[in-house]
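I have placed the structure first, in the form of structure tokens, so that the comments after it can refer back to it.
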Amino acid sequence: MNFVEELRWRGMLQDIMPGTEELLNKEQVTAYLGIDPTADSLHIGHLCGVMILRHLQRCGHKPLALIGGATGMIGDPSGKSAERNLLNEETLRHNQACIKEQLAKFLDFESDVPNRAELVNNYDWMKEFSFLDFVREVGKHITVNYMMAKDSVKRRLNGEARDGLSFTEFTYQLLQGYDFLHLYETKGCKLQMGGSDQWGNITTGAELIRRTNGGEVFALTCPLITKADGGKFGKTESGNIWLDPRYTSPYKFYQFWLNVSDSDAERYIKIFTSIEKEEIEALVAEHQQAPHLRALQKRLAKEVTVMVHSEADYNAAVDASNILFGNATSESLRKLDEDTLLAVFEGVPQFEISRDALAEGVKAVDLFVDNAAVFASKGEMRKLVQGGGVSLNKEKLEAFDQVITTADLLDEKYLLVQRGKKNYYLLIAK
């Protein structure tokens, strides 16, 4: 497979240094991409870069995932208007271990193939580097004029940030440049990849290598992913969409992809899956014939959820979605763990009820009218129950005065009341 051609048709190629494609077609290339370790999980903003590493390995080249332990202690000014918090070594090591576990779902770190992926951390070669040595060995090769010409520096100096640009952040491009030099010298790495906002830092590395030992290296970047409306990809009202289920449940993760717009789905399925070109073209054609069936979104959501989580998590997310939008059963409702239950019914009206009262048994009509305002009156509730329009935990309520006890609770804490087809209420026993 031709790596550059693969990125090009997928819409994952922004800038490419002349000669890069020829190099990749000529030999097995070792290439690296940096990952910021500021959290112990990747989020979907990292996914485009991770997929580039995945495609690189599938095309027969060797990927290096570089954890920016040293640079993470400083902060990259590219695309930022404020300086970031600095991390200690213990936190960085923890974050690195967690990130490697996530990357192992995308890359082969374990087999004996010559293009096995490797994880490297720039803290390992920077921690013993004294300031004086760095200034002598690296700083003398790159002029301040060269560094000042970078867009990321110019924007910060021209007033985009209240506090300007610290010397710490100004040196960032030299540190990233030294990473490229170190990996070139120790691992024969000839290609650096990253987001388009990294082009300035990447080319500084290429220039440093040229000036120190005359080596020729290459670079390519992917576009920054946005939504069709220009909004920031991966950001929701509740924050980032994380790959770790502790921060974003598989259900919410699945729902994010399921709810993207048609035009975004057509772009994202190329970027965030490994589905081949012919199959994607067939899916796009199928979707255009019947957009309301959302074939693209469903396939996209499945592929990414299975890749990041598992087939079982994907199936559970589909089952959970059916509870709200389909004809789910009481049994499937009871299978939900508490986090997914709360995620599915986020935003529905909630009422607190007395666990002690339930222990003795409460008539449904008293519980849903007096204790929780699900119905405006007992008469209204009686009519709806008689018409089969009221469900408790996805089972039709047989009688308006049916006795409800703690045995009816989901996860020993919740009652789900459904009034009509679309109105849900969550009662929480405390």
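Residues are referred to by chain and number: the chain letter is A, B, ... according to the order shown in the structure tokens, the number counts from 1 in that chain, and ligands are numbered separately from 1 in the order shown.
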For A:Asn95: contacts at 8 Å, only C-alpha atoms, fewer than 4 positions along chain excluded, given as a tab-separated table (two decimals) with C-alpha atoms, in the first residue's frame:
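Final output, saved to result-v3.tsv:
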```
chain	number	residue	atom	x	y	z
A	37	PRO	CA	0.83	13.28	27.97
A	38	THR	CA	-1.12	15.92	29.91
A	39	ALA	CA	-3.83	13.36	30.85
A	40	ASP	CA	-3.88	9.61	31.51
A	41	SER	CA	-6.15	9.05	28.53
A	91	THR	CA	2.21	11.94	36.84
A	99	ILE	CA	-1.58	5.96	26.88
```
Legend entry - stretch 284-288 of chain A surroundings by only C-alpha atoms, 12 Å radius, close-in-sequence under 2 positions cut, as a PyMOL selection string: chain A and resi 262-270+277-282+290-300
Write out the residues from the selection above, keeping C-alpha atoms, as a PDB file, in the first residue's frame.
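Below is the file that was written, part27.pdb:
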```
ATOM      1  CA  ASP A 262     -24.198  13.635   7.227  1.00  0.00           C
ATOM      2  CA  SER A 263     -21.320  15.663   5.761  1.00  0.00           C
ATOM      3  CA  ASP A 264     -19.152  15.040   8.832  1.00  0.00           C
ATOM      4  CA  ALA A 265     -19.930  11.305   8.756  1.00  0.00           C
ATOM      5  CA  GLU A 266     -18.728  11.140   5.142  1.00  0.00           C
ATOM      6  CA  ARG A 267     -15.384  12.724   6.125  1.00  0.00           C
ATOM      7  CA  TYR A 268     -14.963  10.994   9.484  1.00  0.00           C
ATOM      8  CA  ILE A 269     -15.510   7.455   8.199  1.00  0.00           C
ATOM      9  CA  LYS A 270     -12.434   7.926   5.995  1.00  0.00           C
ATOM     10  CA  LYS A 277     -12.039   2.913  -0.287  1.00  0.00           C
ATOM     11  CA  GLU A 278     -14.504   0.794  -2.353  1.00  0.00           C
ATOM     12  CA  GLU A 279     -16.553  -0.118   0.715  1.00  0.00           C
ATOM     13  CA  ILE A 280     -16.684   3.493   1.911  1.00  0.00           C
ATOM     14  CA  GLU A 281     -17.823   4.647  -1.533  1.00  0.00           C
ATOM     15  CA  ALA A 282     -20.590   2.014  -1.460  1.00  0.00           C
ATOM     16  CA  ALA A 290     -31.791   6.961   2.150  1.00  0.00           C
ATOM     17  CA  PRO A 291     -30.162   9.537   4.468  1.00  0.00           C
ATOM     18  CA  HIS A 292     -32.851   9.028   7.129  1.00  0.00           C
ATOM     19  CA  LEU A 293     -31.524   5.500   7.789  1.00  0.00           C
ATOM     20  CA  ARG A 294     -28.147   7.020   8.796  1.00  0.00           C
ATOM     21  CA  ALA A 295     -26.145   4.095   7.381  1.00  0.00           C
ATOM     22  CA  LEU A 296     -22.899   6.099   7.463  1.00  0.00           C
ATOM     23  CA  GLN A 297     -23.285   7.211  11.067  1.00  0.00           C
ATOM     24  CA  LYS A 298     -24.206   3.694  12.219  1.00  0.00           C
ATOM     25  CA  ARG A 299     -21.211   2.102  10.529  1.00  0.00           C
ATOM     26  CA  LEU A 300     -18.858   4.864  11.711  1.00  0.00           C
TER      27      LEU A 300
END
```
Within 12 Å of A:Glu110, counting only C-alpha atoms, which residues qualify if same-chain residues fewer than 6 places away don't, as an mmCIF file with N, CA and C atoms, in the first residue's frame?
```cif
data_model
loop_
_atom_site.group_PDB
_atom_site.id
_atom_site.type_symbol
_atom_site.label_atom_id
_atom_site.label_comp_id
_atom_site.auth_asym_id
_atom_site.auth_seq_id
_atom_site.Cartn_x
_atom_site.Cartn_y
_atom_site.Cartn_z
ATOM 1 N N LYS A 100 -0.007 4.119 26.523
ATOM 2 C CA LYS A 100 0.514 2.979 25.763
ATOM 3 C C LYS A 100 -0.538 1.873 25.662
ATOM 4 N N GLU A 101 -1.256 1.661 26.765
ATOM 5 C CA GLU A 101 -2.305 0.628 26.776
ATOM 6 C C GLU A 101 -3.375 0.947 25.731
ATOM 7 N N LEU A 103 -2.895 2.867 22.975
ATOM 8 C CA LEU A 103 -2.294 2.779 21.648
ATOM 9 C C LEU A 103 -2.169 1.340 21.167
ATOM 10 N N ALA A 104 -2.036 0.404 22.121
ATOM 11 C CA ALA A 104 -1.877 -1.010 21.753
ATOM 12 C C ALA A 104 -3.112 -1.562 21.048
ATOM 13 N N ARG A 116 7.679 -3.338 13.878
ATOM 14 C CA ARG A 116 6.950 -3.294 15.158
ATOM 15 C C ARG A 116 6.955 -1.860 15.705
ATOM 16 N N ALA A 117 5.840 -1.413 16.241
ATOM 17 C CA ALA A 117 5.746 -0.057 16.807
ATOM 18 C C ALA A 117 6.570 0.036 18.093
ATOM 19 N N GLU A 118 7.051 1.230 18.368
ATOM 20 C CA GLU A 118 7.767 1.478 19.623
ATOM 21 C C GLU A 118 7.196 2.733 20.277
ATOM 22 N N LEU A 119 7.232 2.729 21.615
ATOM 23 C CA LEU A 119 6.846 3.915 22.375
ATOM 24 C C LEU A 119 8.116 4.513 22.963
#
```
Inset, instruction - Identify, on the basis of only C-alpha atoms, every residue whose closest approach to A:Val369 does not exceed 10 Å; exclude the query and any residue fewer than 5 positions from it along the same chain; express the result as a ChimeraX atom specification. - result: /A:364,374-381
Inset, instruction - May I have all residues of stretch 123-344 of chain A that DSSP, computed from the backbone, assigns to alpha helix (DSSP H), given as a ChimeraX atom specification? - result: /A:123-126,131-137,144-148,151-155,167-170,172-187,199-213,250-258,262-271,277-289,295-308,311-325,330-334,338-344
Write the residues of the selection above to a file with C-alpha atoms, as a compact mmCIF listing (two decimals), in the first residue's frame.
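Writing the result to again_17.txt gives the following:
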```txt
# COMPACT_ATOMS: atom_id res chain seq x y z
CA TYR A 123 12.00 12.81 29.02
CA ASP A 124 14.37 9.82 28.88
CA TRP A 125 16.93 11.70 26.78
CA MET A 126 16.22 15.20 28.05
CA PHE A 131 21.00 23.75 30.21
CA LEU A 132 24.58 24.68 29.29
CA ASP A 133 24.98 21.56 27.13
CA PHE A 134 21.64 22.22 25.42
CA VAL A 135 22.57 25.81 24.61
CA ARG A 136 25.98 24.72 23.24
CA GLU A 137 24.82 21.67 21.26
CA VAL A 144 16.41 33.68 17.01
CA ASN A 145 15.36 35.24 13.67
CA TYR A 146 14.44 31.74 12.40
CA MET A 147 12.46 30.97 15.58
CA MET A 148 10.65 34.33 15.57
CA ASP A 151 3.49 31.55 13.02
CA SER A 152 2.90 30.02 16.47
CA VAL A 153 5.44 32.45 17.96
CA LYS A 154 4.32 35.49 15.93
CA ARG A 155 0.67 35.06 16.92
CA PHE A 167 11.00 31.98 27.43
CA THR A 168 10.02 28.44 28.46
CA GLU A 169 7.48 28.18 25.64
CA PHE A 170 9.74 30.01 23.20
CA TYR A 172 9.68 24.53 22.81
CA GLN A 173 10.47 24.34 19.10
CA LEU A 174 14.14 23.72 19.92
CA LEU A 175 13.21 20.86 22.24
CA GLN A 176 10.90 19.29 19.64
CA GLY A 177 13.59 19.85 17.04
CA TYR A 178 16.09 18.01 19.23
CA ASP A 179 13.67 15.05 19.52
CA PHE A 180 13.80 14.67 15.73
CA LEU A 181 17.63 14.90 15.79
CA HIS A 182 17.88 12.33 18.60
CA LEU A 183 15.53 9.85 16.91
CA TYR A 184 17.32 10.38 13.58
CA GLU A 185 20.67 9.57 15.19
CA THR A 186 19.54 6.69 17.47
CA LYS A 187 16.72 5.05 15.49
CA TRP A 199 4.48 22.32 10.85
CA GLY A 200 6.68 25.08 12.31
CA ASN A 201 8.07 22.84 15.06
CA ILE A 202 8.60 19.94 12.63
CA THR A 203 10.51 22.04 10.11
CA THR A 204 12.71 23.41 12.91
CA GLY A 205 13.71 19.79 13.62
CA ALA A 206 14.50 19.17 9.95
CA GLU A 207 16.58 22.37 9.85
CA LEU A 208 18.45 21.38 13.04
CA ILE A 209 19.36 17.98 11.54
CA ARG A 210 20.53 19.64 8.32
CA ARG A 211 22.71 22.14 10.22
CA THR A 212 24.22 19.67 12.73
CA ASN A 213 25.13 16.74 10.52
CA PRO A 250 -18.81 3.51 25.72
CA TYR A 251 -22.50 4.48 25.37
CA LYS A 252 -21.70 8.22 25.22
CA PHE A 253 -18.74 7.52 22.96
CA TYR A 254 -20.99 5.57 20.57
CA GLN A 255 -23.65 8.28 20.69
CA PHE A 256 -21.12 10.98 19.77
CA TRP A 257 -20.31 9.25 16.46
CA LEU A 258 -23.93 8.25 15.83
CA ASP A 262 -24.20 13.64 7.23
CA SER A 263 -21.32 15.66 5.76
CA ASP A 264 -19.15 15.04 8.83
CA ALA A 265 -19.93 11.30 8.76
CA GLU A 266 -18.73 11.14 5.14
CA ARG A 267 -15.38 12.72 6.12
CA TYR A 268 -14.96 10.99 9.48
CA ILE A 269 -15.51 7.45 8.20
CA LYS A 270 -12.43 7.93 5.99
CA ILE A 271 -10.32 9.45 8.77
CA LYS A 277 -12.04 2.91 -0.29
CA GLU A 278 -14.50 0.79 -2.35
CA GLU A 279 -16.55 -0.12 0.71
CA ILE A 280 -16.68 3.49 1.91
CA GLU A 281 -17.82 4.65 -1.53
CA ALA A 282 -20.59 2.01 -1.46
CA LEU A 283 -21.64 3.16 2.03
CA VAL A 284 -21.75 6.80 0.91
CA ALA A 285 -23.92 5.86 -2.10
CA GLU A 286 -26.24 3.81 0.14
CA HIS A 287 -26.51 6.72 2.58
CA GLN A 288 -27.36 9.21 -0.19
CA GLN A 289 -30.22 6.98 -1.33
CA ALA A 295 -26.15 4.10 7.38
CA LEU A 296 -22.90 6.10 7.46
CA GLN A 297 -23.29 7.21 11.07
CA LYS A 298 -24.21 3.69 12.22
CA ARG A 299 -21.21 2.10 10.53
CA LEU A 300 -18.86 4.86 11.71
CA ALA A 301 -20.10 4.54 15.30
CA LYS A 302 -19.70 0.75 15.18
CA GLU A 303 -16.18 0.75 13.73
CA VAL A 304 -14.76 3.35 16.12
CA THR A 305 -16.50 1.98 19.23
CA VAL A 306 -15.28 -1.58 18.54
CA MET A 307 -11.75 -0.32 17.81
CA VAL A 308 -11.49 1.84 20.94
CA GLU A 311 -17.53 -5.59 20.34
CA ALA A 312 -19.30 -6.25 23.66
CA ASP A 313 -19.23 -2.53 24.56
CA TYR A 314 -20.60 -1.68 21.11
CA ASN A 315 -23.46 -4.18 21.49
CA ALA A 316 -24.25 -2.84 24.96
CA ALA A 317 -24.30 0.73 23.57
CA VAL A 318 -26.73 -0.30 20.80
CA ASP A 319 -28.96 -2.05 23.35
CA ALA A 320 -28.87 1.04 25.55
CA SER A 321 -29.80 3.27 22.59
CA ASN A 322 -32.77 1.02 21.83
CA ILE A 323 -34.09 1.52 25.34
CA LEU A 324 -34.67 5.18 24.63
CA PHE A 325 -35.52 5.01 20.94
CA SER A 330 -37.39 -4.81 30.88
CA GLU A 331 -34.63 -7.40 30.71
CA SER A 332 -32.36 -5.21 28.56
CA LEU A 333 -33.02 -2.26 30.89
CA ARG A 334 -31.93 -4.28 33.92
CA GLU A 338 -25.61 2.55 36.65
CA ASP A 339 -23.33 4.87 34.62
CA THR A 340 -24.94 3.84 31.32
CA LEU A 341 -28.44 4.09 32.78
CA LEU A 342 -27.73 7.66 33.90
CA ALA A 343 -26.11 8.49 30.54
CA VAL A 344 -29.10 7.15 28.58
```
Legend entry - Shell of 8 Å around A:Ile225, only C-alpha atoms, local chain residues under 3 positions omitted, as a PyMOL selection string: chain A and resi 45+48+232-233
Write the residues of the selection above to a file with C-alpha atoms, as a PDB file, in the first residue's frame.
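Produced file result-v3.pdb, reproduced below:
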```pdb
ATOM      1  CA  GLY A  45      -8.687  14.883  19.216  1.00  0.00           C
ATOM      2  CA  CYS A  48      -6.359  11.367  13.652  1.00  0.00           C
ATOM      3  CA  LYS A 232     -14.210  22.313  17.225  1.00  0.00           C
ATOM      4  CA  PHE A 233     -14.226  18.568  16.632  1.00  0.00           C
TER       5      PHE A 233
END
```
Inset, instruction - From stretch 337-411 of chain A, collect each residue whose DSSP state is strand (DSSP E or B) and return the set as a VMD selection string. - result: chain A and resid 350 to 353 362 to 363 390 to 392 395 to 396 403 to 404 410
Filtering to C-alpha atoms, could you give me those residues as a PDB file, in the first residue's frame?
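That gives us out20.pdb:
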```pdb
ATOM      1  CA  GLN A 350     -35.720  13.302  37.925  1.00  0.00           C
ATOM      2  CA  PHE A 351     -37.449  13.042  41.278  1.00  0.00           C
ATOM      3  CA  GLU A 352     -36.220  11.847  44.654  1.00  0.00           C
ATOM      4  CA  ILE A 353     -38.447   9.397  46.518  1.00  0.00           C
ATOM      5  CA  VAL A 362     -46.496   2.412  47.928  1.00  0.00           C
ATOM      6  CA  LYS A 363     -49.391   2.551  45.501  1.00  0.00           C
ATOM      7  CA  VAL A 390     -47.890   3.956  31.326  1.00  0.00           C
ATOM      8  CA  SER A 391     -44.831   1.727  31.845  1.00  0.00           C
ATOM      9  CA  LEU A 392     -42.646   1.057  34.840  1.00  0.00           C
ATOM     10  CA  GLU A 395     -43.243  -3.096  31.561  1.00  0.00           C
ATOM     11  CA  LYS A 396     -46.852  -1.922  31.144  1.00  0.00           C
ATOM     12  CA  VAL A 403     -48.068  -1.575  44.792  1.00  0.00           C
ATOM     13  CA  ILE A 404     -44.429  -0.673  44.154  1.00  0.00           C
ATOM     14  CA  LEU A 410     -33.126  -0.857  39.058  1.00  0.00           C
TER      15      LEU A 410
END
```
